[in-house]
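K.L.:
Take a look at query-v5.csv, CSV, C-alpha atoms and all ligand atoms:
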chain,number,residue,atom,x,y,z
Q,1,MET,CA,-17.3,9.7,-13.5
Q,2,ALA,CA,-17.4,6.0,-12.6
Q,3,SER,CA,-14.4,5.9,-10.4
Q,4,PHE,CA,-12.0,3.6,-8.7
Q,5,LEU,CA,-12.2,6.0,-5.8
Q,6,SER,CA,-14.9,4.5,-3.7
Q,7,TYR,CA,-15.3,7.0,-1.0
Q,8,THR,CA,-13.6,9.9,0.7
Q,9,LEU,CA,-14.4,11.1,4.2
Q,10,ILE,CA,-13.0,13.3,6.8
Q,11,SER,CA,-12.1,11.5,10.0
Q,12,PHE,CA,-11.3,13.0,13.3
Q,13,TYR,CA,-9.4,10.7,15.5
Q,14,PHE,CA,-7.1,10.4,18.4
Q,15,ILE,CA,-4.5,7.8,18.7
Q,16,LEU,CA,-3.3,7.1,22.2
Q,17,PHE,CA,-0.2,5.2,23.0
Q,18,LEU,CA,-0.6,4.8,26.7
Q,19,ALA,CA,1.7,2.4,28.3
Q,20,LEU,CA,1.6,0.3,31.4
Q,21,ALA,CA,4.8,-0.3,33.3
Q,22,GLY,CA,8.0,-0.6,31.2
Q,23,ASN,CA,8.3,-4.3,30.4
Q,24,SER,CA,11.0,-5.9,28.3
Q,25,ASN,CA,11.3,-9.5,29.4
Q,26,GLY,CA,14.3,-9.9,27.2
Q,27,SER,CA,12.0,-9.9,24.1
Q,28,TYR,CA,12.4,-7.7,21.0
Q,29,SER,CA,9.5,-5.5,22.0
Q,30,GLU,CA,9.1,-3.2,25.0
Q,31,GLU,CA,6.3,-1.1,26.4
Q,32,LEU,CA,7.3,2.3,27.4
Q,33,SER,CA,6.1,4.1,30.5
Q,34,GLU,CA,5.9,7.4,28.7
Q,35,GLY,CA,2.9,7.8,26.4
Q,36,ILE,CA,2.5,9.6,23.1
Q,37,VAL,CA,-0.8,11.2,22.2
Q,38,MET,CA,-1.3,12.1,18.6
Q,39,LYS,CA,-4.2,14.3,17.6
Q,40,GLN,CA,-5.1,14.3,13.9
Q,41,THR,CA,-7.6,15.8,11.6
Q,42,GLU,CA,-7.2,14.1,8.3
Q,43,LYS,CA,-9.1,13.0,5.3
Q,44,THR,CA,-9.3,9.3,4.7
Q,45,THR,CA,-9.3,8.1,1.1
Q,46,HIS,CA,-10.1,4.6,-0.2
Q,47,LEU,CA,-9.0,3.4,-3.6
Q,48,HIS,CA,-10.1,0.1,-5.1
Q,49,PHE,CA,-8.5,-1.4,-8.3
Q,50,TYR,CA,-7.1,-4.5,-9.9
Q,51,PHE,CA,-3.4,-5.1,-10.7
Q,52,HIS,CA,-2.5,-7.3,-13.7
Q,53,ASP,CA,0.8,-9.1,-13.5
Q,54,ILE,CA,1.5,-10.7,-16.9
Q,55,LEU,CA,4.6,-12.9,-17.3
Q,56,SER,CA,3.3,-14.9,-20.4
Q,57,GLY,CA,3.0,-14.0,-24.1
Q,58,ASN,CA,4.9,-11.7,-26.3
Q,59,ASP,CA,4.3,-8.5,-24.4
Q,60,PRO,CA,4.8,-9.4,-20.7
Q,61,SER,CA,4.4,-6.6,-18.1
Q,62,VAL,CA,6.9,-8.4,-15.8
Q,63,ILE,CA,10.6,-9.2,-16.6
Q,64,ARG,CA,13.0,-11.0,-14.5
Q,65,ILE,CA,16.2,-9.0,-14.1
Q,66,ALA,CA,18.2,-11.2,-11.6
Q,67,GLY,CA,18.2,-14.5,-9.8
Q,68,THR,CA,17.7,-18.1,-10.8
Q,69,PRO,CA,15.8,-19.4,-13.8
Q,70,ASP,CA,13.1,-20.6,-11.4
Q,71,TYR,CA,10.1,-18.3,-10.8
Q,72,SER,CA,10.0,-18.3,-7.0
Q,73,SER,CA,13.5,-18.7,-5.6
Q,74,PHE,CA,15.3,-16.6,-3.1
Q,75,GLY,CA,16.9,-13.7,-4.9
Q,76,ASP,CA,14.7,-13.7,-8.0
Q,77,THR,CA,14.0,-10.0,-8.9
Q,78,TYR,CA,11.5,-8.6,-11.3
Q,79,VAL,CA,10.7,-5.2,-12.8
Q,80,ILE,CA,7.0,-4.6,-13.6
Q,81,ASP,CA,4.9,-2.2,-15.5
Q,82,ASP,CA,1.5,-3.6,-14.7
Q,83,ALA,CA,-1.9,-2.3,-15.8
Q,84,LEU,CA,-4.2,-1.1,-13.0
Q,85,THR,CA,-7.9,-1.4,-14.0
Q,86,GLU,CA,-11.2,-0.5,-12.4
Q,87,GLY,CA,-12.5,-4.1,-12.6
Q,88,PRO,CA,-11.1,-7.6,-12.5
Q,89,ASP,CA,-11.3,-7.9,-16.3
Q,90,PRO,CA,-7.9,-6.7,-17.8
Q,91,THR,CA,-9.9,-5.0,-20.6
Q,92,SER,CA,-11.9,-2.9,-18.1
Q,93,LYS,CA,-11.1,0.8,-17.7
Q,94,LEU,CA,-7.3,1.5,-17.3
Q,95,ILE,CA,-6.9,3.8,-14.3
Q,96,GLY,CA,-3.1,3.6,-13.9
Q,97,ARG,CA,0.1,1.5,-13.8
Q,98,ALA,CA,2.1,-0.2,-11.2
Q,99,GLN,CA,5.8,0.5,-11.9
Q,100,GLY,CA,8.7,-0.8,-9.9
Q,101,MET,CA,10.3,-4.0,-8.6
Q,102,TYR,CA,9.7,-7.0,-6.5
Q,103,ALA,CA,12.1,-9.6,-5.3
Q,104,VAL,CA,11.8,-12.9,-3.5
Q,105,ALA,CA,13.4,-12.0,-0.2
Q,106,THR,CA,12.8,-15.2,1.7
Q,107,GLN,CA,14.7,-18.4,2.0
Q,108,HIS,CA,12.2,-20.6,3.8
Q,109,GLU,CA,8.7,-19.2,2.8
Q,110,MET,CA,7.3,-17.2,0.0
Q,111,ALA,CA,7.4,-13.4,0.5
Q,112,LEU,CA,8.2,-10.6,-1.9
Q,113,LEU,CA,9.9,-7.3,-1.1
Q,114,MET,CA,7.7,-4.8,-3.0
Q,115,VAL,CA,9.1,-1.4,-4.1
Q,116,ILE,CA,6.4,-0.1,-6.4
Q,117,ASN,CA,4.9,3.2,-7.5
Q,118,TYR,CA,1.2,3.1,-8.4
Q,119,ALA,CA,0.8,5.9,-10.9
Q,120,PHE,CA,-2.8,7.0,-11.7
Q,121,ILE,CA,-4.1,8.4,-15.0
Q,122,GLU,CA,-7.8,8.7,-14.3
Q,123,GLY,CA,-10.0,11.4,-12.8
Q,124,GLU,CA,-8.7,13.8,-10.2
Q,125,TYR,CA,-5.7,11.6,-9.5
Q,126,ASN,CA,-4.4,11.7,-13.0
Q,127,GLY,CA,-0.7,12.3,-12.6
Q,128,SER,CA,-0.5,11.5,-8.9
Q,129,SER,CA,1.1,8.3,-7.5
Q,130,ILE,CA,1.4,6.4,-4.3
Q,131,SER,CA,4.5,4.4,-3.2
Q,132,ILE,CA,4.4,1.0,-1.6
Q,133,LEU,CA,7.4,-0.4,0.2
Q,134,GLY,CA,6.4,-3.6,1.9
Q,135,ARG,CA,6.4,-7.3,2.5
Q,136,ASN,CA,4.1,-9.4,0.4
Q,137,LEU,CA,3.3,-12.8,1.7
Q,138,VAL,CA,1.8,-13.9,-1.6
Q,139,MET,CA,0.4,-17.2,-0.4
Q,140,ASN,CA,-1.8,-15.4,2.1
Q,141,ASP,CA,-5.4,-14.5,1.1
Q,142,GLU,CA,-4.9,-10.9,2.3
Q,143,ARG,CA,-1.6,-9.1,2.3
Q,144,ASP,CA,-1.1,-5.9,4.2
Q,145,MET,CA,1.5,-3.5,2.8
Q,146,PRO,CA,2.5,0.1,3.9
Q,147,ILE,CA,1.9,3.2,1.8
Q,148,VAL,CA,5.1,5.2,2.5
Q,149,GLY,CA,4.5,8.3,0.4
Q,150,GLY,CA,3.1,9.7,-2.8
Q,151,SER,CA,3.3,12.5,-5.3
Q,152,GLY,CA,0.9,15.1,-6.7
Q,153,LEU,CA,-2.4,15.0,-4.8
Q,154,PHE,CA,-1.0,12.1,-2.8
Q,155,ARG,CA,1.9,14.1,-1.3
Q,156,PHE,CA,2.6,13.0,2.3
Q,157,ALA,CA,0.4,10.0,1.8
Q,158,ARG,CA,0.5,7.2,4.3
Q,159,GLY,CA,-1.8,4.3,4.9
Q,160,TYR,CA,-1.9,0.7,3.9
Q,161,ALA,CA,-2.8,-1.5,0.9
Q,162,LEU,CA,-4.7,-4.8,1.3
Q,163,ALA,CA,-3.9,-7.1,-1.7
Q,164,HIS,CA,-5.9,-10.2,-2.5
Q,165,THR,CA,-5.2,-12.5,-5.4
Q,166,ALA,CA,-8.3,-12.6,-7.5
Q,167,TRP,CA,-7.0,-14.9,-10.2
Q,168,PHE,CA,-3.8,-16.9,-10.7
Q,169,ASP,CA,-2.6,-19.1,-13.6
Q,170,VAL,CA,-0.3,-21.7,-12.1
Q,171,LYS,CA,1.2,-22.6,-15.5
Q,172,THR,CA,2.3,-19.0,-16.5
Q,173,GLY,CA,2.4,-17.2,-13.2
Q,174,ASP,CA,0.0,-14.6,-14.5
Q,175,ALA,CA,-2.1,-13.0,-11.8
Q,176,THR,CA,-4.8,-10.5,-11.1
Q,177,VAL,CA,-4.6,-8.9,-7.7
Q,178,GLU,CA,-7.3,-6.9,-6.0
Q,179,TYR,CA,-6.1,-3.8,-4.1
Q,180,ASN,CA,-7.9,-1.9,-1.4
Q,181,VAL,CA,-5.9,1.2,-0.4
Q,182,GLU,CA,-6.8,3.1,2.7
Q,183,GLY,CA,-5.3,6.0,4.6
Q,184,ALA,CA,-4.5,9.6,4.8
Q,185,LEU,CA,-3.7,9.7,1.1
Q,186,GLY,CA,-4.3,13.4,0.5
Q,187,GLY,CA,-6.4,14.6,-2.4
Q,188,ASN,CA,-8.0,18.1,-2.5
Q,189,GLY,CA,-5.0,19.3,-0.5
Q,190,ALA,CA,-6.1,17.7,2.7
Q,191,ALA,CA,-2.7,16.0,3.2
Q,192,ALA,CA,-1.2,19.3,4.0
Q,193,GLU,CA,-2.9,19.4,7.4
Q,194,MET,CA,-0.1,18.6,9.7
Q,195,VAL,CA,0.0,16.2,12.6
Q,196,ASP,CA,-0.2,17.7,16.1
Q,197,LEU,CA,2.1,15.8,18.4
Q,198,THR,CA,1.7,16.0,22.1
Q,199,PHE,CA,3.7,14.0,24.6
Q,200,ALA,CA,2.5,12.3,27.8
Q,201,LEU,CA,-0.7,14.2,28.3
Q,202,PRO,CA,-3.8,12.5,29.7
Q,203,PRO,CA,-6.8,12.5,27.4
Q,204,GLY,CA,-8.7,15.7,27.7
Q,205,ALA,CA,-5.7,17.8,28.9
Q,206,THR,CA,-4.9,21.0,27.0
Q,207,THR,CA,-2.7,20.1,24.0
Q,208,GLU,CA,0.4,21.9,23.0
Q,209,SER,CA,2.0,21.6,19.6
Q,210,CYS,CA,5.6,20.3,19.5
Q,211,ASN,CA,6.6,21.2,16.0
L,301,LIG,C1,-4.2,12.8,-17.8
L,301,LIG,O1,-3.2,13.9,-17.9
L,301,LIG,C2,-2.5,13.9,-19.1
L,301,LIG,C3,-1.4,14.9,-19.0
L,301,LIG,O2,-1.8,16.1,-18.5
L,301,LIG,C4,-3.5,14.1,-20.3
L,301,LIG,O3,-2.8,14.1,-21.5
L,301,LIG,C5,-4.5,13.1,-20.3
L,301,LIG,O4,-5.5,13.3,-21.2
L,301,LIG,C6,-5.2,13.0,-18.9
L,301,LIG,N1,-6.1,11.8,-18.9
L,301,LIG,C7,-7.3,11.9,-18.5
L,301,LIG,C8,-8.1,10.6,-18.5
L,301,LIG,O5,-7.8,12.9,-18.0
Before we go any further, please render this structure as structure tokens.
Ligand SMILES: *[C@@H]1O[C@H](CO)[C@@H](O)[C@H](O)[C@H]1NC(C)=O
P.N.:
Amino acid sequence: MASFLSYTLISFYFILFLALAGNSNGSYSEELSEGIVMKQTEKTTHLHFYFHDILSGNDPSVIRIAGTPDYSSFGDTYVIDDALTEGPDPTSKLIGRAQGMYAVATQHEMALLMVINYAFIEGEYNGSSISILGRNLVMNDERDMPIVGGSGLFRFARGYALAHTAWFDVKTGDATVEYNVEGALGGNGAAAEMVDLTFALPPGATTESCN
């Protein structure tokens, strides 16, 4: 099976949030003197595919449902049902569809609010989906958006998607976007392994579950 799933591996990692002294400086961020140590044993999955956003022609996969007649003004809102394919060519193997909405949520720059489910129809992930809720700075070469959940084999998914515009037609607005999705996405039931949370323990200390 030639697959959009590039690799799957088990990762064992520790995330340490160890803070220095509490320090607010009147800014919007603050370092806490208490630390949180998270111990996780999770499978990391990587997905790679292309997203085809077609506004032109008789059968567009994007429709504007609200906003101005302009294509990139504050408030413009679109519903999409975009093909996801294995390669950059829109005629390459269909592996799923991106279904949801995006809206121009910025007055002074160009960023979209993305609320989109990526539903897969190929291989072991047929019938499973991941959900992105994120900010898409479309003019950037690489956009980083959160995976906030999933269904089927992707239950409890979390991770991130990196999107890169592979092709763009300035006249029509049609675009092909390359996606690399990475994280604890589940698959083979691995997502059911729960996170072990431990508070304020130095590395190497005996851990106790807090759930
Ligand atoms: C995906 O699942 C659907 C529903 O179970 C099935 O009809 C379809 O043939 C499957 N597709 C592939 C490529 O396995």
K.L.:
List as a ChimeraX atom specification the protein and nucleic acid residues lying within 7 Å of ligand LIG 301 (chain L), with only C-alpha atoms and all ligand atoms counted.
P.N.:
/Q:121-123,126-127
K.L.:
Generate a file of the selected residues that holds C-alpha atoms, formatted as a PDB file, in the coordinates of the input.
P.N.:
ATOM      1  CA  ILE Q 121      -4.100   8.400 -15.000  1.00  0.00           C
ATOM      2  CA  GLU Q 122      -7.800   8.700 -14.300  1.00  0.00           C
ATOM      3  CA  GLY Q 123     -10.000  11.400 -12.800  1.00  0.00           C
ATOM      4  CA  ASN Q 126      -4.400  11.700 -13.000  1.00  0.00           C
ATOM      5  CA  GLY Q 127      -0.700  12.300 -12.600  1.00  0.00           C
TER       6      GLY Q 127
END
K.L.:
Which residue gives the smallest distance to Q:Asn117 among Q:Met101, Q:Leu47, Q:Ala66, Q:Met139, with only C-alpha atoms counted?
P.N.:
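Closest residue, counting only C-alpha atoms: Q:Met101.
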K.L.:
Q:Gln107, Q:Gln99, Q:Thr165, Q:Thr176: which is nearest Q:Asp82, counting all atoms listed in the file?
P.N.:
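For Q:Asp82, the nearest of the given residues is Q:Gln99.
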K.L.:
Show me, as number ranges by chain, the residues that have an atom within 12 Å of stretch 59-63 of chain Q when counting all atoms listed in the file, minus same-chain residues fewer than 2 positions from it.
P.N.:
Q: 51-57, 65-67, 69, 71, 76-84, 97-103, 172-175
